[in-house]
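Novice: Structure: start.pdb, PDB, C-alpha atoms, pLDDT in the B column.
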ATOM      1  CA  MET U 293      82.828  64.472  66.962  1.00 64.00           C
ATOM      2  CA  ALA U 294      85.889  63.789  64.869  1.00 78.00           C
ATOM      3  CA  HIS U 295      88.244  65.936  66.962  1.00 81.00           C
ATOM      4  CA  SER U 296      88.639  67.081  70.541  1.00 83.00           C
ATOM      5  CA  TYR U 297      88.802  70.800  71.259  1.00 87.00           C
ATOM      6  CA  ILE U 298      90.217  71.928  74.583  1.00 89.00           C
ATOM      7  CA  SER U 299      90.379  75.334  76.258  1.00 94.00           C
ATOM      8  CA  ILE U 300      92.038  75.122  79.667  1.00 96.00           C
ATOM      9  CA  LYS U 301      93.532  78.330  81.076  1.00 98.00           C
ATOM     10  CA  VAL U 302      95.304  78.086  84.430  1.00 98.00           C
ATOM     11  CA  HIS U 303      96.789  80.918  86.490  1.00 98.00           C
ATOM     12  CA  TYR U 304      99.680  79.561  88.567  1.00 98.00           C
ATOM     13  CA  ILE U 305     101.262  81.358  91.507  1.00 97.00           C
ATOM     14  CA  PHE U 306     104.376  80.106  93.271  1.00 96.00           C
ATOM     15  CA  SER U 307     107.145  81.587  95.361  1.00 95.00           C
ATOM     16  CA  THR U 308     110.853  81.218  95.778  1.00 96.00           C
ATOM     17  CA  LYS U 309     111.987  78.884  98.559  1.00 95.00           C
ATOM     18  CA  ASN U 310     111.148  80.593 101.862  1.00 91.00           C
ATOM     19  CA  ARG U 311     110.041  83.590  99.772  1.00 91.00           C
ATOM     20  CA  HIS U 312     113.619  84.838  99.481  1.00 93.00           C
ATOM     21  CA  LYS U 313     113.733  88.033  97.422  1.00 94.00           C
ATOM     22  CA  ILE U 314     116.254  86.790  94.859  1.00 95.00           C
ATOM     23  CA  ILE U 315     114.587  87.392  91.499  1.00 96.00           C
ATOM     24  CA  THR U 316     116.422  90.508  90.384  1.00 95.00           C
ATOM     25  CA  PRO U 317     115.426  92.539  87.311  1.00 94.00           C
ATOM     26  CA  GLU U 318     118.437  91.012  85.520  1.00 94.00           C
ATOM     27  CA  LEU U 319     117.322  87.483  86.390  1.00 96.00           C
ATOM     28  CA  GLU U 320     113.669  87.994  85.498  1.00 95.00           C
ATOM     29  CA  GLU U 321     114.708  89.428  82.122  1.00 96.00           C
ATOM     30  CA  ARG U 322     115.991  85.958  81.252  1.00 97.00           C
ATOM     31  CA  LEU U 323     113.892  83.757  83.566  1.00 98.00           C
ATOM     32  CA  TRP U 324     110.422  84.681  82.308  1.00 98.00           C
ATOM     33  CA  PRO U 325     111.320  83.961  78.646  1.00 98.00           C
ATOM     34  CA  TYR U 326     113.048  80.728  79.681  1.00 98.00           C
ATOM     35  CA  MET U 327     109.884  79.584  81.461  1.00 98.00           C
ATOM     36  CA  GLY U 328     107.898  80.445  78.338  1.00 98.00           C
ATOM     37  CA  GLY U 329     110.297  78.264  76.352  1.00 98.00           C
ATOM     38  CA  ILE U 330     109.689  75.329  78.690  1.00 98.00           C
ATOM     39  CA  ALA U 331     105.963  75.778  78.158  1.00 98.00           C
ATOM     40  CA  LYS U 332     106.346  75.883  74.375  1.00 98.00           C
ATOM     41  CA  GLN U 333     108.590  72.780  74.299  1.00 98.00           C
ATOM     42  CA  ASN U 334     105.846  70.909  76.146  1.00 97.00           C
ATOM     43  CA  ASN U 335     102.947  72.017  73.913  1.00 96.00           C
ATOM     44  CA  MET U 336     101.668  74.573  76.403  1.00 98.00           C
ATOM     45  CA  LYS U 337     101.149  78.229  75.587  1.00 98.00           C
ATOM     46  CA  ALA U 338     102.373  80.831  78.067  1.00 98.00           C
ATOM     47  CA  LEU U 339      99.911  83.708  77.785  1.00 98.00           C
ATOM     48  CA  ALA U 340     101.653  85.781  80.485  1.00 98.00           C
ATOM     49  CA  ILE U 341     104.602  85.358  82.844  1.00 98.00           C
ATOM     50  CA  GLY U 342     105.641  87.835  85.494  1.00 97.00           C
ATOM     51  CA  GLY U 343     106.202  88.458  89.141  1.00 96.00           C
ATOM     52  CA  ILE U 344     108.486  90.203  91.561  1.00 95.00           C
ATOM     53  CA  GLU U 345     111.490  89.376  93.737  1.00 95.00           C
ATOM     54  CA  ASP U 346     109.903  86.477  95.641  1.00 95.00           C
ATOM     55  CA  HIS U 347     107.223  84.922  93.455  1.00 96.00           C
ATOM     56  CA  ALA U 348     105.993  84.274  89.943  1.00 97.00           C
ATOM     57  CA  HIS U 349     102.674  84.203  88.113  1.00 98.00           C
ATOM     58  CA  ILE U 350     102.082  82.270  84.908  1.00 98.00           C
ATOM     59  CA  LEU U 351      98.938  82.050  82.827  1.00 98.00           C
ATOM     60  CA  LEU U 352      99.119  78.888  80.748  1.00 98.00           C
ATOM     61  CA  SER U 353      96.883  77.414  78.118  1.00 98.00           C
ATOM     62  CA  LEU U 354      97.185  73.668  78.663  1.00 98.00           C
ATOM     63  CA  PRO U 355      96.807  70.909  76.076  1.00 96.00           C
ATOM     64  CA  SER U 356      94.621  67.920  76.885  1.00 93.00           C
ATOM     65  CA  THR U 357      97.727  65.761  77.365  1.00 93.00           C
ATOM     66  CA  ILE U 358      99.237  67.625  80.342  1.00 96.00           C
ATOM     67  CA  SER U 359      97.710  67.764  83.813  1.00 97.00           C
ATOM     68  CA  ILE U 360      97.716  70.892  85.967  1.00 97.00           C
ATOM     69  CA  ALA U 361     100.307  69.276  88.273  1.00 98.00           C
ATOM     70  CA  LYS U 362     102.573  68.073  85.446  1.00 98.00           C
ATOM     71  CA  ALA U 363     102.582  71.504  83.801  1.00 98.00           C
ATOM     72  CA  ILE U 364     103.860  73.267  86.904  1.00 98.00           C
ATOM     73  CA  GLN U 365     106.327  70.461  87.655  1.00 98.00           C
ATOM     74  CA  LEU U 366     107.874  70.966  84.205  1.00 98.00           C
ATOM     75  CA  ILE U 367     108.015  74.770  84.550  1.00 98.00           C
ATOM     76  CA  LYS U 368     109.321  74.917  88.115  1.00 98.00           C
ATOM     77  CA  GLY U 369     111.723  71.990  87.787  1.00 97.00           C
ATOM     78  CA  GLY U 370     113.191  73.094  84.486  1.00 98.00           C
ATOM     79  CA  SER U 371     113.543  76.738  85.473  1.00 98.00           C
ATOM     80  CA  SER U 372     115.109  76.105  88.887  1.00 97.00           C
ATOM     81  CA  LYS U 373     117.688  73.781  87.330  1.00 97.00           C
ATOM     82  CA  TRP U 374     118.449  76.364  84.635  1.00 98.00           C
ATOM     83  CA  VAL U 375     118.892  79.172  87.198  1.00 97.00           C
ATOM     84  CA  SER U 376     121.176  76.999  89.353  1.00 96.00           C
ATOM     85  CA  ASP U 377     123.255  75.914  86.348  1.00 95.00           C
ATOM     86  CA  THR U 378     123.419  79.332  84.670  1.00 95.00           C
ATOM     87  CA  PHE U 379     124.057  81.750  87.548  1.00 93.00           C
ATOM     88  CA  SER U 380     126.968  80.873  89.842  1.00 90.00           C
ATOM     89  CA  SER U 381     125.627  83.173  92.572  1.00 92.00           C
ATOM     90  CA  LEU U 382     122.296  81.291  92.545  1.00 92.00           C
ATOM     91  CA  ARG U 383     123.511  77.680  92.764  1.00 92.00           C
ATOM     92  CA  ASP U 384     120.990  77.043  95.569  1.00 92.00           C
ATOM     93  CA  PHE U 385     117.989  78.577  93.761  1.00 95.00           C
ATOM     94  CA  GLU U 386     114.735  76.745  94.427  1.00 96.00           C
ATOM     95  CA  TRP U 387     111.041  77.347  94.110  1.00 97.00           C
ATOM     96  CA  GLN U 388     108.860  76.639  97.145  1.00 94.00           C
ATOM     97  CA  GLU U 389     107.325  73.172  96.995  1.00 92.00           C
ATOM     98  CA  GLY U 390     103.677  74.186  96.707  1.00 92.00           C
ATOM     99  CA  TYR U 391     101.793  76.378  94.279  1.00 95.00           C
ATOM    100  CA  GLY U 392      98.381  77.802  93.556  1.00 95.00           C
ATOM    101  CA  ALA U 393      96.553  76.887  90.353  1.00 97.00           C
ATOM    102  CA  PHE U 394      93.358  78.695  89.477  1.00 97.00           C
ATOM    103  CA  SER U 395      91.088  78.155  86.476  1.00 96.00           C
ATOM    104  CA  ILE U 396      90.462  81.238  84.383  1.00 97.00           C
ATOM    105  CA  SER U 397      87.464  81.606  82.102  1.00 96.00           C
ATOM    106  CA  ILE U 398      88.078  82.903  78.598  1.00 96.00           C
ATOM    107  CA  SER U 399      86.244  86.116  79.528  1.00 97.00           C
ATOM    108  CA  HIS U 400      88.868  86.852  82.225  1.00 97.00           C
ATOM    109  CA  VAL U 401      92.020  86.063  80.245  1.00 98.00           C
ATOM    110  CA  ASP U 402      92.752  89.689  79.295  1.00 98.00           C
ATOM    111  CA  ASP U 403      92.293  90.892  82.889  1.00 97.00           C
ATOM    112  CA  THR U 404      94.539  88.108  84.182  1.00 97.00           C
ATOM    113  CA  ILE U 405      97.251  88.968  81.654  1.00 98.00           C
ATOM    114  CA  ALA U 406      97.098  92.630  82.701  1.00 97.00           C
ATOM    115  CA  TYR U 407      97.255  91.591  86.363  1.00 95.00           C
ATOM    116  CA  ILE U 408     100.363  89.473  85.766  1.00 97.00           C
ATOM    117  CA  GLU U 409     102.043  92.171  83.671  1.00 95.00           C
ATOM    118  CA  ASN U 410     101.448  94.783  86.414  1.00 92.00           C
ATOM    119  CA  GLN U 411     102.839  92.831  89.366  1.00 91.00           C
ATOM    120  CA  LYS U 412     105.386  95.466  90.365  1.00 87.00           C
ATOM    121  CA  GLU U 413     102.724  98.166  90.565  1.00 88.00           C
ATOM    122  CA  HIS U 414     100.278  95.813  92.305  1.00 84.00           C
ATOM    123  CA  HIS U 415     102.794  94.930  95.026  1.00 87.00           C
ATOM    124  CA  ARG U 416     103.387  98.549  95.935  1.00 88.00           C
ATOM    125  CA  LYS U 417      99.947  98.292  97.577  1.00 90.00           C
ATOM    126  CA  GLN U 418      99.663  94.660  98.653  1.00 88.00           C
ATOM    127  CA  THR U 419     102.065  92.007  99.962  1.00 88.00           C
ATOM    128  CA  PHE U 420     102.402  88.574  98.397  1.00 86.00           C
ATOM    129  CA  GLU U 421     100.728  87.050 101.448  1.00 88.00           C
ATOM    130  CA  GLU U 422      97.743  89.435 101.207  1.00 90.00           C
ATOM    131  CA  GLU U 423      97.485  88.829  97.467  1.00 89.00           C
ATOM    132  CA  TYR U 424      97.569  85.042  97.778  1.00 90.00           C
ATOM    133  CA  ILE U 425      94.982  84.905 100.574  1.00 91.00           C
ATOM    134  CA  ALA U 426      92.680  87.200  98.573  1.00 91.00           C
ATOM    135  CA  ILE U 427      92.947  84.905  95.537  1.00 92.00           C
ATOM    136  CA  LEU U 428      92.263  81.808  97.652  1.00 92.00           C
ATOM    137  CA  LYS U 429      89.169  83.494  99.102  1.00 92.00           C
ATOM    138  CA  LYS U 430      87.998  84.677  95.667  1.00 92.00           C
ATOM    139  CA  HIS U 431      88.113  81.071  94.446  1.00 91.00           C
ATOM    140  CA  GLY U 432      86.395  79.724  97.567  1.00 92.00           C
ATOM    141  CA  ILE U 433      89.400  77.638  98.605  1.00 92.00           C
ATOM    142  CA  GLU U 434      89.557  76.666 102.255  1.00 92.00           C
ATOM    143  CA  TYR U 435      92.983  76.864 103.885  1.00 88.00           C
ATOM    144  CA  ASP U 436      94.648  76.721 107.279  1.00 88.00           C
ATOM    145  CA  GLU U 437      97.063  79.639 107.604  1.00 84.00           C
ATOM    146  CA  ARG U 438      99.307  77.530 109.872  1.00 84.00           C
ATOM    147  CA  TYR U 439     100.196  75.436 106.822  1.00 82.00           C
ATOM    148  CA  LEU U 440      99.890  78.053 104.107  1.00 82.00           C
ATOM    149  CA  TRP U 441     103.451  79.343 104.058  1.00 75.00           C
ATOM    150  CA  GLY U 442     105.455  76.153 104.634  1.00 66.00           C
TER     151      GLY U 442
END
Go ahead and express the file in the form of structure tokens.
Specialist:
Amino acid sequence: MAHSYISIKVHYIFSTKNRHKIITPELEERLWPYMGGIAKQNNMKALAIGGIEDHAHILLSLPSTISIAKAIQLIKGGSSKWVSDTFSSLRDFEWQEGYGAFSISISHVDDTIAYIENQKEHHRKQTFEEEYIAILKKHGIEYDERYLWG
């Protein structure tokens, strides 16, 4: 083949440090687009970004040149620095160290986008902890709950 063709869709989930509920509607109005800008600057495509007060979801289409770990490092690192530098009341803003990264088949992209866009409604019925454990189980990922929340 003369060219390489790549389709890698990854659904990332990560929380604020200690799951502090500090992402206000005013912050998310600027934070989600900023994270999308980081993705674009690094040749990734943000298909959906959303979340609630204590965590974020991003569905990214990754190029062949960026690993799953590097993509989230760029997004989390760049956005936490921007929040700390931009909002004087959030100088100590941090994302939790870990994250979840789940492969999404092309046939589930639309459902995943809808899921991310409806986070506020979703979390009226289910906590972040319940949501995250359900996703881990759905993907067959083994975990020890003693170490799950940091």
Novice: From the set U:Tyr297, U:Phe385, U:Tyr326, U:Phe306, which residue has the shortest atom-to-atom contact distance to Leu440 (chain U), counting only C-alpha atoms?
Specialist: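 Of all the options, U:Phe306 lies closest to Leu440 (chain U).
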Novice: Report as a PyMOL selection string the residues that result from applying the PyMOL selection byres ((chain U and resi 395) around 6) to the structure here.
Specialist: chain U and resi 301-302+394+396
Novice: To verify the selection step, state as a JSON list (two decimals) with C-alpha atoms, in the frame of the given file which residues the PyMOL selection byres ((chain U and resi 356) around 10) yields on this input.
Specialist:
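Written file, selection_29.json:
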[["chain", "number", "residue", "atom", "x", "y", "z"],
["U", 296, "SER", "CA", 88.64, 67.08, 70.54],
["U", 297, "TYR", "CA", 88.80, 70.80, 71.26],
["U", 298, "ILE", "CA", 90.22, 71.93, 74.58],
["U", 299, "SER", "CA", 90.38, 75.33, 76.26],
["U", 300, "ILE", "CA", 92.04, 75.12, 79.67],
["U", 335, "ASN", "CA", 102.95, 72.02, 73.91],
["U", 336, "MET", "CA", 101.67, 74.57, 76.40],
["U", 353, "SER", "CA", 96.88, 77.41, 78.12],
["U", 354, "LEU", "CA", 97.18, 73.67, 78.66],
["U", 355, "PRO", "CA", 96.81, 70.91, 76.08],
["U", 357, "THR", "CA", 97.73, 65.76, 77.36],
["U", 358, "ILE", "CA", 99.24, 67.62, 80.34],
["U", 359, "SER", "CA", 97.71, 67.76, 83.81]]
Novice: Go ahead and compute the interatomic distance for CA of Lys429 (chain U) and CA of Gln365 (chain U), in Å to one decimal.
Specialist: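 Separation of CA of Lys429 (chain U) and CA of Gln365 (chain U): 24.4 Å.
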Novice: With distances taken over all atoms listed in the file, which residue among U:Ala363, U:Glu421, U:Leu339, U:Leu323 lies nearest Ser376 (chain U)?
Specialist: U:Leu323
Novice: Go ahead and compute the interatomic distance for CA of His312 (chain U) and CA of Lys417 (chain U), in Å to one decimal.
Specialist: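 We find that CA of His312 (chain U) and CA of Lys417 (chain U) lie 19.3 Å from each other.
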Novice: Pick the closest to Gly392 (chain U) from U:Ser307, U:Lys313, U:Gln411, U:Arg438: which is it, counting all atoms listed in the file?
Specialist: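 Smallest distance to Gly392 (chain U) is found for U:Ser307.
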Novice: Could region 306-322 of chain U be written out with N, CA and C atoms, as a PDB file, in the first residue's frame, please?
Specialist:
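For reference, out.pdb as written:
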ATOM      1  N   PHE U 306     -11.663  11.026  32.921  1.00  0.00           N
ATOM      2  CA  PHE U 306     -10.742  11.396  33.994  1.00  0.00           C
ATOM      3  C   PHE U 306     -11.415  12.413  34.893  1.00  0.00           C
ATOM      4  N   SER U 307     -10.967  12.438  36.146  1.00  0.00           N
ATOM      5  CA  SER U 307     -11.629  13.293  37.132  1.00  0.00           C
ATOM      6  C   SER U 307     -10.704  14.399  37.625  1.00  0.00           C
ATOM      7  N   THR U 308     -11.317  15.357  38.270  1.00  0.00           N
ATOM      8  CA  THR U 308     -10.552  16.399  38.934  1.00  0.00           C
ATOM      9  C   THR U 308      -9.826  15.773  40.119  1.00  0.00           C
ATOM     10  N   LYS U 309      -8.761  16.406  40.559  1.00  0.00           N
ATOM     11  CA  LYS U 309      -7.993  15.909  41.705  1.00  0.00           C
ATOM     12  C   LYS U 309      -8.945  15.695  42.884  1.00  0.00           C
ATOM     13  N   ASN U 310      -8.917  14.509  43.441  1.00  0.00           N
ATOM     14  CA  ASN U 310      -9.768  14.109  44.559  1.00  0.00           C
ATOM     15  C   ASN U 310     -11.256  14.271  44.255  1.00  0.00           C
ATOM     16  N   ARG U 311     -11.587  14.306  42.974  1.00  0.00           N
ATOM     17  CA  ARG U 311     -12.959  14.455  42.493  1.00  0.00           C
ATOM     18  C   ARG U 311     -13.667  15.661  43.099  1.00  0.00           C
ATOM     19  N   HIS U 312     -12.911  16.752  43.286  1.00  0.00           N
ATOM     20  CA  HIS U 312     -13.508  18.000  43.748  1.00  0.00           C
ATOM     21  C   HIS U 312     -14.472  18.511  42.687  1.00  0.00           C
ATOM     22  N   LYS U 313     -15.614  18.970  43.113  1.00  0.00           N
ATOM     23  CA  LYS U 313     -16.661  19.466  42.208  1.00  0.00           C
ATOM     24  C   LYS U 313     -16.400  20.935  41.895  1.00  0.00           C
ATOM     25  N   ILE U 314     -15.430  21.177  41.005  1.00  0.00           N
ATOM     26  CA  ILE U 314     -15.009  22.560  40.736  1.00  0.00           C
ATOM     27  C   ILE U 314     -15.213  22.999  39.289  1.00  0.00           C
ATOM     28  N   ILE U 315     -15.723  22.114  38.447  1.00  0.00           N
ATOM     29  CA  ILE U 315     -15.981  22.515  37.063  1.00  0.00           C
ATOM     30  C   ILE U 315     -17.390  23.112  37.008  1.00  0.00           C
ATOM     31  N   THR U 316     -17.442  24.406  37.087  1.00  0.00           N
ATOM     32  CA  THR U 316     -18.711  25.135  37.056  1.00  0.00           C
ATOM     33  C   THR U 316     -19.198  25.248  35.609  1.00  0.00           C
ATOM     34  N   PRO U 317     -20.476  25.587  35.421  1.00  0.00           N
ATOM     35  CA  PRO U 317     -20.953  25.816  34.044  1.00  0.00           C
ATOM     36  C   PRO U 317     -20.137  26.897  33.324  1.00  0.00           C
ATOM     37  N   GLU U 318     -19.718  27.927  34.044  1.00  0.00           N
ATOM     38  CA  GLU U 318     -18.914  28.992  33.443  1.00  0.00           C
ATOM     39  C   GLU U 318     -17.545  28.474  33.014  1.00  0.00           C
ATOM     40  N   LEU U 319     -16.943  27.620  33.824  1.00  0.00           N
ATOM     41  CA  LEU U 319     -15.646  27.050  33.470  1.00  0.00           C
ATOM     42  C   LEU U 319     -15.781  26.090  32.297  1.00  0.00           C
ATOM     43  N   GLU U 320     -16.754  25.201  32.358  1.00  0.00           N
ATOM     44  CA  GLU U 320     -16.861  24.207  31.269  1.00  0.00           C
ATOM     45  C   GLU U 320     -17.157  24.875  29.932  1.00  0.00           C
ATOM     46  N   GLU U 321     -17.839  26.004  29.952  1.00  0.00           N
ATOM     47  CA  GLU U 321     -18.134  26.743  28.722  1.00  0.00           C
ATOM     48  C   GLU U 321     -16.856  27.126  27.971  1.00  0.00           C
ATOM     49  N   ARG U 322     -15.784  27.320  28.713  1.00  0.00           N
ATOM     50  CA  ARG U 322     -14.500  27.668  28.104  1.00  0.00           C
ATOM     51  C   ARG U 322     -13.527  26.486  28.080  1.00  0.00           C
TER      52      ARG U 322
END
